[in-house]
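What follows is input_9.cif (mmCIF, C-alpha atoms and all ligand atoms).
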```cif
data_structure
#
loop_
_atom_site.group_PDB
_atom_site.id
_atom_site.type_symbol
_atom_site.label_atom_id
_atom_site.label_comp_id
_atom_site.auth_asym_id
_atom_site.auth_seq_id
_atom_site.Cartn_x
_atom_site.Cartn_y
_atom_site.Cartn_z
ATOM 1 C CA MET A 83 0.000 0.000 0.000
ATOM 2 C CA LYS A 84 1.328 3.446 -0.943
ATOM 3 C CA THR A 85 1.803 5.701 2.095
ATOM 4 C CA ALA A 86 0.927 9.408 1.986
ATOM 5 C CA MET A 87 3.721 11.791 1.095
ATOM 6 C CA ILE A 88 5.322 13.809 3.885
ATOM 7 C CA LYS A 89 4.604 17.500 3.244
ATOM 8 C CA ILE A 90 7.593 19.627 4.228
ATOM 9 C CA LEU A 91 7.628 23.377 4.829
ATOM 10 C CA PHE A 92 11.286 24.382 4.342
ATOM 11 C CA CYS A 93 12.722 27.491 6.070
ATOM 12 C CA GLY A 94 15.761 28.915 4.290
ATOM 13 C CA ILE A 95 14.641 27.346 0.999
ATOM 14 C CA ASN A 96 16.669 29.731 -1.196
ATOM 15 C CA GLY A 97 19.947 28.979 0.566
ATOM 16 C CA ARG A 98 22.563 26.296 -0.153
ATOM 17 C CA MET A 99 20.879 23.633 1.989
ATOM 18 C CA GLY A 100 17.418 24.490 0.650
ATOM 19 C CA LYS A 101 18.561 23.994 -2.933
ATOM 20 C CA ASN A 102 20.548 20.891 -2.032
ATOM 21 C CA THR A 103 17.570 19.305 -0.265
ATOM 22 C CA LEU A 104 15.335 19.865 -3.307
ATOM 23 C CA GLU A 105 18.033 18.260 -5.524
ATOM 24 C CA THR A 106 18.510 15.356 -3.093
ATOM 25 C CA ILE A 107 14.784 14.594 -3.232
ATOM 26 C CA ALA A 108 14.613 14.984 -7.033
ATOM 27 C CA GLN A 109 17.601 12.668 -7.586
ATOM 28 C CA SER A 110 16.231 9.787 -5.508
ATOM 29 C CA ALA A 111 13.149 7.847 -6.595
ATOM 30 C CA ALA A 112 12.626 6.642 -3.015
ATOM 31 C CA PHE A 113 12.800 10.182 -1.598
ATOM 32 C CA SER A 114 10.606 11.614 -4.388
ATOM 33 C CA GLU A 115 7.910 9.090 -3.518
ATOM 34 C CA LYS A 116 8.100 9.906 0.177
ATOM 35 C CA PHE A 117 8.838 13.652 0.563
ATOM 36 C CA LYS A 118 7.352 16.784 -0.965
ATOM 37 C CA VAL A 119 8.656 20.268 -0.171
ATOM 38 C CA TYR A 120 5.429 22.105 -1.019
ATOM 39 C CA ALA A 121 6.365 25.589 0.246
ATOM 40 C CA GLY A 122 9.336 27.522 1.535
ATOM 41 C CA VAL A 123 10.119 30.465 3.759
ATOM 42 C CA ASP A 124 12.977 32.832 2.969
ATOM 43 C CA ILE A 125 13.796 36.502 3.314
ATOM 44 C CA THR A 126 15.876 36.513 0.103
ATOM 45 C CA PRO A 127 13.828 36.302 -3.112
ATOM 46 C CA ASP A 128 14.750 33.818 -5.854
ATOM 47 C CA GLN A 129 13.258 34.326 -9.322
ATOM 48 C CA ASN A 130 13.840 30.641 -10.175
ATOM 49 C CA ALA A 131 12.015 29.212 -7.164
ATOM 50 C CA MET A 132 9.941 26.205 -8.252
ATOM 51 C CA ILE A 133 7.607 26.318 -5.245
ATOM 52 C CA PRO A 134 5.792 29.151 -3.437
ATOM 53 C CA VAL A 135 8.149 31.020 -1.100
ATOM 54 C CA TYR A 136 6.872 33.254 1.713
ATOM 55 C CA SER A 137 8.851 35.879 3.615
ATOM 56 C CA ASP A 138 6.625 35.369 6.676
ATOM 57 C CA ILE A 139 5.969 31.828 7.910
ATOM 58 C CA TYR A 140 2.538 32.843 9.237
ATOM 59 C CA LYS A 141 1.446 33.581 5.638
ATOM 60 C CA VAL A 142 1.930 29.942 4.531
ATOM 61 C CA PRO A 143 -1.669 28.884 3.800
ATOM 62 C CA GLU A 144 -1.465 25.096 4.026
ATOM 63 C CA LYS A 145 -0.485 23.236 7.211
ATOM 64 C CA PRO A 146 2.691 21.114 6.792
ATOM 65 C CA ASP A 147 3.337 17.650 8.212
ATOM 66 C CA VAL A 148 6.760 18.806 9.339
ATOM 67 C CA ILE A 149 8.909 21.962 9.263
ATOM 68 C CA VAL A 150 12.585 21.671 8.267
ATOM 69 C CA ASP A 151 14.788 24.650 9.101
ATOM 70 C CA PHE A 152 18.149 25.457 7.501
ATOM 71 C CA SER A 153 17.945 29.259 7.686
ATOM 72 C CA HIS A 154 19.307 31.568 10.369
ATOM 73 C CA HIS A 155 19.213 31.290 14.148
ATOM 74 C CA SER A 156 17.234 34.556 14.416
ATOM 75 C CA ALA A 157 14.302 32.878 12.603
ATOM 76 C CA LEU A 158 13.823 30.408 15.476
ATOM 77 C CA PRO A 159 11.129 32.258 17.518
ATOM 78 C CA SER A 160 8.776 32.602 14.521
ATOM 79 C CA ILE A 161 9.396 29.001 13.378
ATOM 80 C CA LEU A 162 8.655 27.589 16.828
ATOM 81 C CA GLY A 163 5.668 29.935 17.316
ATOM 82 C CA TYR A 164 4.160 28.723 14.034
ATOM 83 C CA ALA A 165 4.958 25.056 14.793
ATOM 84 C CA GLU A 166 3.258 25.321 18.200
ATOM 85 C CA GLN A 167 0.235 27.108 16.748
ATOM 86 C CA LYS A 168 -0.212 24.451 14.036
ATOM 87 C CA ARG A 169 0.835 21.556 16.332
ATOM 88 C CA VAL A 170 3.439 20.277 13.860
ATOM 89 C CA PRO A 171 6.926 18.872 14.544
ATOM 90 C CA ALA A 172 9.996 20.960 13.743
ATOM 91 C CA VAL A 173 13.392 19.687 12.552
ATOM 92 C CA ILE A 174 15.852 22.465 13.402
ATOM 93 C CA CYS A 175 19.146 22.055 11.534
ATOM 94 C CA THR A 176 20.285 25.702 11.680
ATOM 95 C CA THR A 177 23.332 26.338 13.879
ATOM 96 C CA GLY A 178 24.693 29.279 15.873
ATOM 97 C CA HIS A 179 21.820 29.701 18.356
ATOM 98 C CA SER A 180 22.305 31.830 21.477
ATOM 99 C CA PRO A 181 21.741 30.278 24.932
ATOM 100 C CA GLU A 182 18.374 32.127 25.064
ATOM 101 C CA GLU A 183 17.339 30.623 21.712
ATOM 102 C CA LEU A 184 18.366 27.162 22.904
ATOM 103 C CA GLU A 185 16.056 27.698 25.892
ATOM 104 C CA LEU A 186 13.211 28.416 23.434
ATOM 105 C CA LEU A 187 13.862 25.023 21.844
ATOM 106 C CA LYS A 188 13.521 23.288 25.206
ATOM 107 C CA GLU A 189 10.302 25.191 25.989
ATOM 108 C CA ALA A 190 8.789 24.296 22.611
ATOM 109 C CA ALA A 191 9.725 20.636 23.137
ATOM 110 C CA ARG A 192 7.271 20.537 26.068
ATOM 111 C CA LYS A 193 4.443 21.107 23.603
ATOM 112 C CA ILE A 194 5.569 19.684 20.238
ATOM 113 C CA PRO A 195 8.216 17.232 18.956
ATOM 114 C CA VAL A 196 11.441 19.151 18.250
ATOM 115 C CA PHE A 197 14.411 17.589 16.480
ATOM 116 C CA TYR A 198 17.678 19.467 16.868
ATOM 117 C CA SER A 199 21.166 18.542 15.753
ATOM 118 C CA GLY A 200 24.156 20.693 14.826
ATOM 119 C CA ASN A 201 25.143 18.064 12.285
ATOM 120 C CA MET A 202 22.560 15.986 10.450
ATOM 121 C CA SER A 203 24.985 13.560 8.789
ATOM 122 C CA ILE A 204 24.614 9.941 9.888
ATOM 123 C CA GLY A 205 28.416 9.478 9.582
ATOM 124 C CA ILE A 206 29.236 12.415 11.876
ATOM 125 C CA ASN A 207 26.780 11.229 14.483
ATOM 126 C CA LEU A 208 28.330 7.791 14.379
ATOM 127 C CA LEU A 209 31.747 9.471 14.711
ATOM 128 C CA THR A 210 30.450 11.305 17.804
ATOM 129 C CA TYR A 211 29.309 8.028 19.340
ATOM 130 C CA LEU A 212 32.675 6.378 18.538
ATOM 131 C CA THR A 213 34.639 9.359 19.901
ATOM 132 C CA ARG A 214 32.972 9.018 23.293
ATOM 133 C CA LYS A 215 33.495 5.264 23.268
ATOM 134 C CA VAL A 216 37.210 5.484 22.323
ATOM 135 C CA ALA A 217 37.776 8.328 24.825
ATOM 136 C CA SER A 218 36.333 6.154 27.583
ATOM 137 C CA ILE A 219 38.757 3.342 26.644
ATOM 138 C CA LEU A 220 41.938 5.325 25.822
ATOM 139 C CA GLY A 221 41.290 8.738 27.400
ATOM 140 C CA GLU A 222 43.404 8.179 30.517
ATOM 141 C CA ASP A 223 46.647 7.595 28.587
ATOM 142 C CA PHE A 224 46.113 9.214 25.176
ATOM 143 C CA ASP A 225 46.109 12.922 24.271
ATOM 144 C CA ILE A 226 43.022 14.011 22.337
ATOM 145 C CA GLU A 227 43.171 16.622 19.558
ATOM 146 C CA ILE A 228 40.401 17.587 17.125
ATOM 147 C CA VAL A 229 41.073 19.140 13.719
ATOM 148 C CA GLU A 230 38.321 20.461 11.467
ATOM 149 C CA ALA A 231 38.401 22.005 7.963
ATOM 150 C CA HIS A 232 35.633 23.912 6.147
ATOM 151 C CA HIS A 233 35.131 26.178 3.120
ATOM 152 C CA ASN A 234 36.294 29.779 3.171
ATOM 153 C CA LYS A 235 32.716 31.188 3.478
ATOM 154 C CA LYS A 236 32.125 29.684 6.920
ATOM 155 C CA LEU A 237 31.732 32.397 9.550
ATOM 156 C CA ASP A 238 32.102 30.521 12.843
ATOM 157 C CA ALA A 239 35.127 28.658 14.213
ATOM 158 C CA PRO A 240 35.507 26.087 15.572
ATOM 159 C CA SER A 241 32.633 24.316 13.849
ATOM 160 C CA GLY A 242 29.631 23.284 15.938
ATOM 161 C CA THR A 243 30.534 19.708 15.003
ATOM 162 C CA ALA A 244 34.069 20.047 16.410
ATOM 163 C CA LEU A 245 32.501 21.189 19.684
ATOM 164 C CA MET A 246 30.039 18.295 19.544
ATOM 165 C CA LEU A 247 33.028 15.914 19.183
ATOM 166 C CA ALA A 248 34.912 17.636 22.013
ATOM 167 C CA ASN A 249 31.841 17.305 24.253
ATOM 168 C CA ALA A 250 31.564 13.615 23.360
ATOM 169 C CA ALA A 251 35.266 13.067 24.147
ATOM 170 C CA SER A 252 35.005 14.923 27.449
ATOM 171 C CA LYS A 253 32.065 12.737 28.484
ATOM 172 C CA GLY A 254 34.275 9.691 27.891
ATOM 173 C CA VAL A 255 37.452 10.754 29.724
ATOM 174 C CA PRO A 256 37.928 10.315 33.474
ATOM 175 C CA TYR A 257 38.967 13.979 34.043
ATOM 176 C CA ASN A 258 37.413 17.436 33.594
ATOM 177 C CA ALA A 259 38.604 18.336 30.107
ATOM 178 C CA GLU A 260 39.846 21.817 29.269
ATOM 179 C CA TYR A 261 39.286 22.935 25.648
ATOM 180 C CA VAL A 262 42.312 24.671 24.087
ATOM 181 C CA TYR A 263 41.645 26.459 20.774
ATOM 182 C CA ASP A 264 44.670 26.558 18.462
ATOM 183 C CA ARG A 265 47.940 27.129 20.274
ATOM 184 C CA HIS A 266 49.397 30.327 18.886
ATOM 185 C CA SER A 267 49.149 32.216 22.171
ATOM 186 C CA TYR A 268 50.583 29.385 24.316
ATOM 187 C CA ARG A 269 54.212 28.797 25.239
ATOM 188 C CA LYS A 270 53.819 25.871 27.565
ATOM 189 C CA GLN A 271 53.690 22.137 27.478
ATOM 190 C CA ARG A 272 50.340 20.523 26.875
ATOM 191 C CA SER A 273 48.568 19.277 30.024
ATOM 192 C CA LYS A 274 46.972 15.842 30.209
ATOM 193 C CA GLU A 275 43.488 17.310 30.640
ATOM 194 C CA GLU A 276 43.521 19.359 27.436
ATOM 195 C CA ILE A 277 41.447 18.645 24.374
ATOM 196 C CA GLY A 278 42.966 20.668 21.521
ATOM 197 C CA ILE A 279 40.587 22.041 18.870
ATOM 198 C CA HIS A 280 41.962 23.445 15.582
ATOM 199 C CA SER A 281 40.270 25.016 12.549
ATOM 200 C CA ILE A 282 41.217 25.302 8.887
ATOM 201 C CA ARG A 283 39.234 27.536 6.473
ATOM 202 C CA ALA A 284 40.012 27.040 2.790
ATOM 203 C CA GLY A 285 38.454 26.781 -0.655
ATOM 204 C CA THR A 286 35.244 24.788 -1.002
ATOM 205 C CA ILE A 287 35.887 22.073 1.634
ATOM 206 C CA VAL A 288 32.412 20.805 2.633
ATOM 207 C CA GLY A 289 33.466 19.524 6.072
ATOM 208 C CA GLU A 290 36.357 17.444 7.445
ATOM 209 C CA HIS A 291 36.602 16.324 11.083
ATOM 210 C CA CYS A 292 39.366 14.315 12.610
ATOM 211 C CA VAL A 293 39.765 13.144 16.217
ATOM 212 C CA ILE A 294 43.327 12.113 17.114
ATOM 213 C CA PHE A 295 44.037 9.884 20.108
ATOM 214 C CA ALA A 296 47.828 9.963 20.516
ATOM 215 C CA GLY A 297 49.546 7.700 23.049
ATOM 216 C CA SER A 298 53.221 7.049 23.808
ATOM 217 C CA ASN A 299 53.652 4.337 21.197
ATOM 218 C CA GLU A 300 50.652 4.524 18.930
ATOM 219 C CA THR A 301 48.054 6.891 17.491
ATOM 220 C CA LEU A 302 44.448 6.169 16.648
ATOM 221 C CA THR A 303 42.641 8.609 14.343
ATOM 222 C CA LEU A 304 38.902 8.707 13.713
ATOM 223 C CA SER A 305 37.931 10.853 10.767
ATOM 224 C CA HIS A 306 34.946 11.859 8.678
ATOM 225 C CA SER A 307 34.791 13.645 5.372
ATOM 226 C CA ALA A 308 31.589 15.102 3.921
ATOM 227 C CA SER A 309 31.904 15.221 0.137
ATOM 228 C CA SER A 310 28.502 16.790 -0.495
ATOM 229 C CA ARG A 311 25.854 18.732 1.420
ATOM 230 C CA ALA A 312 23.501 15.918 0.442
ATOM 231 C CA ALA A 313 24.794 14.107 3.564
ATOM 232 C CA PHE A 314 23.039 16.776 5.688
ATOM 233 C CA ALA A 315 19.946 16.902 3.475
ATOM 234 C CA THR A 316 19.557 13.115 3.704
ATOM 235 C CA GLY A 317 19.880 13.251 7.504
ATOM 236 C CA ALA A 318 17.247 16.006 7.701
ATOM 237 C CA LEU A 319 14.846 13.950 5.591
ATOM 238 C CA ARG A 320 15.420 10.870 7.758
ATOM 239 C CA ALA A 321 14.814 13.029 10.840
ATOM 240 C CA SER A 322 11.559 14.362 9.326
ATOM 241 C CA GLU A 323 10.306 10.839 8.807
ATOM 242 C CA TYR A 324 11.455 9.768 12.284
ATOM 243 C CA ILE A 325 9.753 12.612 14.161
ATOM 244 C CA LEU A 326 6.315 12.240 12.556
ATOM 245 C CA GLY A 327 3.769 10.994 15.081
ATOM 246 C CA LYS A 328 6.217 11.204 18.016
ATOM 247 C CA PRO A 329 5.061 12.727 21.318
ATOM 248 C CA ALA A 330 6.261 16.191 22.372
ATOM 249 C CA GLY A 331 9.929 16.164 23.361
ATOM 250 C CA MET A 332 13.462 16.835 22.240
ATOM 251 C CA TYR A 333 14.980 14.459 19.692
ATOM 252 C CA ASP A 334 18.362 14.292 17.977
ATOM 253 C CA MET A 335 20.378 12.111 15.618
ATOM 254 C CA ASN A 336 21.169 9.673 18.427
ATOM 255 C CA ASP A 337 17.498 8.673 18.298
ATOM 256 C CA VAL A 338 17.833 8.038 14.562
ATOM 257 C CA LEU A 339 21.064 6.063 15.120
ATOM 258 C CA GLU A 340 19.230 3.764 17.548
ATOM 259 C CA MET A 341 17.363 2.461 14.514
ATOM 260 C CA PHE A 342 20.763 1.061 13.406
ATOM 261 C CA ASP A 343 20.981 -0.932 16.676
ATOM 262 C CA ILE A 344 24.296 0.445 18.044
HETATM 263 N N1 LIG B 401 22.781 20.735 11.032
HETATM 264 C C1 LIG B 401 23.485 20.513 9.907
HETATM 265 O O1 LIG B 401 23.873 19.384 9.586
HETATM 266 C C2 LIG B 401 23.805 21.663 9.005
HETATM 267 C C3 LIG B 401 24.402 21.433 7.746
HETATM 268 C C4 LIG B 401 24.602 22.525 6.896
HETATM 269 C C5 LIG B 401 24.230 23.797 7.310
HETATM 270 N N2 LIG B 401 23.693 23.965 8.566
HETATM 271 C C6 LIG B 401 23.253 25.272 9.021
HETATM 272 O O2 LIG B 401 22.048 25.614 8.318
HETATM 273 C C7 LIG B 401 21.989 27.031 8.152
HETATM 274 C C8 LIG B 401 21.844 27.351 6.676
HETATM 275 O O3 LIG B 401 22.966 26.877 5.963
HETATM 276 P P1 LIG B 401 23.164 27.220 4.416
HETATM 277 O O4 LIG B 401 24.537 26.760 4.072
HETATM 278 O O5 LIG B 401 22.007 26.731 3.616
HETATM 279 O O6 LIG B 401 23.152 28.826 4.482
HETATM 280 P P2 LIG B 401 22.728 29.857 3.367
HETATM 281 O O7 LIG B 401 23.201 31.176 3.854
HETATM 282 O O8 LIG B 401 23.144 29.397 2.016
HETATM 283 O O9 LIG B 401 21.114 29.825 3.402
HETATM 284 C C9 LIG B 401 20.343 30.360 4.433
HETATM 285 C C10 LIG B 401 19.037 30.846 3.837
HETATM 286 O O10 LIG B 401 18.206 31.268 4.922
HETATM 287 C C11 LIG B 401 17.620 32.512 4.569
HETATM 288 N N3 LIG B 401 17.286 33.249 5.791
HETATM 289 C C12 LIG B 401 18.097 34.027 6.564
HETATM 290 N N4 LIG B 401 17.403 34.554 7.594
HETATM 291 C C13 LIG B 401 16.147 34.082 7.466
HETATM 292 C C14 LIG B 401 14.944 34.268 8.225
HETATM 293 N N5 LIG B 401 14.920 35.051 9.320
HETATM 294 N N6 LIG B 401 13.820 33.633 7.822
HETATM 295 C C15 LIG B 401 13.826 32.850 6.704
HETATM 296 N N7 LIG B 401 14.918 32.647 5.943
HETATM 297 C C16 LIG B 401 16.066 33.257 6.331
HETATM 298 C C17 LIG B 401 18.661 33.212 3.705
HETATM 299 O O11 LIG B 401 18.044 34.218 2.885
HETATM 300 C C18 LIG B 401 19.226 32.045 2.899
HETATM 301 O O12 LIG B 401 18.522 31.860 1.690
HETATM 302 C C19 LIG B 401 23.260 27.574 8.794
HETATM 303 O O13 LIG B 401 22.976 27.900 10.136
HETATM 304 C C20 LIG B 401 24.231 26.394 8.747
HETATM 305 O O14 LIG B 401 25.261 26.456 9.718
HETATM 306 C C21 LIG B 401 23.471 22.935 9.389
#
```
Rewritten as structure tokens:
Amino acid sequence: MKTAMIKILFCGINGRMGKNTLETIAQSAAFSEKFKVYAGVDITPDQNAMIPVYSDIYKVPEKPDVIVDFSHHSALPSILGYAEQKRVPAVICTTGHSPEELELLKEAARKIPVFYSGNMSIGINLLTYLTRKVASILGEDFDIEIVEAHHNKKLDAPSGTALMLANAASKGVPYNAEYVYDRHSYRKQRSKEEIGIHSIRAGTIVGEHCVIFAGSNETLTLSHSASSRAAFATGALRASEYILGKPAGMYDMNDVLEMFDI
């Protein structure tokens, strides 16, 4: 029996991730059968937009099944307000939220299902899981350093994903980790409790993350390379499917990973 299509309202539709998500759906027969982005919200007009785009989310006439957001952190209050009013789940993929905005997410999650992850790629979330696991096994004796590389348009450093990996490592180690960003201003030996975090910005690199566990006689490196933004679009679509019909609450990619039985 054919199941009904999932109707997505996409915030930030005219941006890189908006365009990539539309392409990801169009290029996959399975996704095209399952997902339909029927309307978008964006503050930047695009003459070539194939679907209706609204500058104000409250002007979208038809209720979505799910909202997917890849826009700007400042759009969060209106997205959550609309999602609560319409009683629809929201998949928030935008990064760079302030602590106050993160509080709004938690408040909304008391009333509606909210999915939030700074990195929607399945591979990165598996890397996060593995980083915590390896840190809990090797953390006492091995130094941990994280290196990330992104394209030259990226505004923030370190990446939210590098911080996510550092947080995972610090949960695994038996000490209170201290994050040290780059080392240009330091003239001292590294302490055992440090987790070093280093950023590279160059060209069109989509996203590289590497976690180094260096011991006295051996080094273990976990690494992930995103070759296309489709990795994030695919994760957001999987999250949209996952969150449908779920009770109010906060969800993230760990919930999706549980489907893989790890
Ligand atoms: N979670 C993840 O895996 C993941 C992956 C990639 C990007 N991101 C994040 O998603 C966001 C978008 O990324 P991008 O590369 O597509 O950026 P982008 O700048 O190409 O696109 C953002 C779009 O949002 C629109 N926009 C800005 N403010 C808005 C508002 N108030 N309301 C509606 N639309 C608004 C812009 O006009 C633009 O078209 C960023 O925060 C980025 O860090 C997250």
Extract, using only C-alpha atoms, all DNA, RNA and protein residues at most 10 Å from Glu230 of chain A, discarding same-chain residues fewer than 6 positions from it, and format them as number ranges by chain.
-> A: 239-241, 243-244, 279-283, 289-293, 305-307
Write out, as an mmCIF file, in the coordinates of the input, the residues just selected, with C-alpha atoms.
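Final file, out.cif:
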```
data_model
loop_
_atom_site.group_PDB
_atom_site.id
_atom_site.type_symbol
_atom_site.label_atom_id
_atom_site.label_comp_id
_atom_site.auth_asym_id
_atom_site.auth_seq_id
_atom_site.Cartn_x
_atom_site.Cartn_y
_atom_site.Cartn_z
ATOM 1 C CA ALA A 239 35.127 28.658 14.213
ATOM 2 C CA PRO A 240 35.507 26.087 15.572
ATOM 3 C CA SER A 241 32.633 24.316 13.849
ATOM 4 C CA THR A 243 30.534 19.708 15.003
ATOM 5 C CA ALA A 244 34.069 20.047 16.410
ATOM 6 C CA ILE A 279 40.587 22.041 18.870
ATOM 7 C CA HIS A 280 41.962 23.445 15.582
ATOM 8 C CA SER A 281 40.270 25.016 12.549
ATOM 9 C CA ILE A 282 41.217 25.302 8.887
ATOM 10 C CA ARG A 283 39.234 27.536 6.473
ATOM 11 C CA GLY A 289 33.466 19.524 6.072
ATOM 12 C CA GLU A 290 36.357 17.444 7.445
ATOM 13 C CA HIS A 291 36.602 16.324 11.083
ATOM 14 C CA CYS A 292 39.366 14.315 12.610
ATOM 15 C CA VAL A 293 39.765 13.144 16.217
ATOM 16 C CA SER A 305 37.931 10.853 10.767
ATOM 17 C CA HIS A 306 34.946 11.859 8.678
ATOM 18 C CA SER A 307 34.791 13.645 5.372
#
```
Atom CA of His179 of chain A to atom CA of Met202 of chain A, straight-line distance in Å =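 Value for the atom CA of Met202 of chain A-atom CA of His179 of chain A distance: 15.8 Å.
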Near-Ile287 of chain A list (9 Å; only C-alpha atoms; drop same-chain fewer than 2 positions) as a list of chain:residue names |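 Returned residues: A:Ala231, A:His232, A:His233, A:Asn234, A:Arg283, A:Ala284, A:Gly285, A:Gly289, A:Glu290, A:Ala308, A:Ser309.
Comparing the minimum interatomic distances between Arg169 of chain A and each of A:Tyr263, A:Ala190, A:Asp334, A:Val229, counting only C-alpha atoms, we find that A:Ala190 sits nearest.
Distance cut-off 10 Å, centre (25.3, 7.1, 9.5), atoms counted all atoms listed in the file; the residues meeting this are Met202, Ser203, Ile204, Gly205, Ile206, Asn207, Leu208, Leu209, Ala313, Gly317, Met335, Val338, Leu339 and Phe342 of chain A.
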Check every protein, DNA and RNA residue against ligand LIG 401 (chain B), keep those with an atom at most 9 Å away (counting all atoms listed in the file), and present them as number ranges by chain.
-> A: 93-102, 122-128, 136-139, 151-158, 160-161, 174-179, 198-203, 236-238, 241-243, 311, 313-315, 317-318
Taking only C-alpha atoms into account, which of A:Met332, A:Glu144, A:Ala250, A:Phe92 comes nearest Lys188 of chain A?
-> A:Met332
Rank nothing, just name the residue among A:Asp264, A:Glu182, A:Glu222, A:Asp147 nearest to Lys89 of chain A, using all atoms listed in the file.
->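 Smallest separation from Lys89 of chain A among the options: A:Asp147.
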For the atom pair atom CA of Ile194 of chain A and atom CA of Ala121 of chain A, what is the interatomic distance in Å to one decimal place?
-> 20.9 Å
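The residues caught by the PyMOL selection byres (((chain A and resi 297-300) around 12) and not hetatm) in this file are A:Ala217, A:Leu220, A:Gly221, A:Glu222, A:Asp223, A:Phe224, A:Asp225, A:Ile226, A:Glu227, A:Lys274, A:Ile294, A:Phe295, A:Ala296, A:Thr301, A:Leu302, A:Thr303.
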Pick out the closest residue to Ala330 of chain A from this set: A:Arg272, A:Arg192, A:Lys141, A:Arg214. Count only C-alpha atoms.
-> A:Arg192
Kindly resolve the PyMOL selection byres (((chain A and resi 114) around 12) and not hetatm) on the present coordinates and return the residues as an MDAnalysis selection string.
-> chainID A and resid 86:89 103:113 115:119 319
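Atom CA of Tyr324 of chain A is found 10.5 Å from atom CA of Pro195 of chain A.
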For Gly254 of chain A, the nearest of the candidates A:Arg269, A:Lys328, A:Lys215, A:Lys168, counting all atoms listed in the file |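 Once distances to Gly254 of chain A are computed over all atoms listed in the file, the minimum belongs to A:Lys215.
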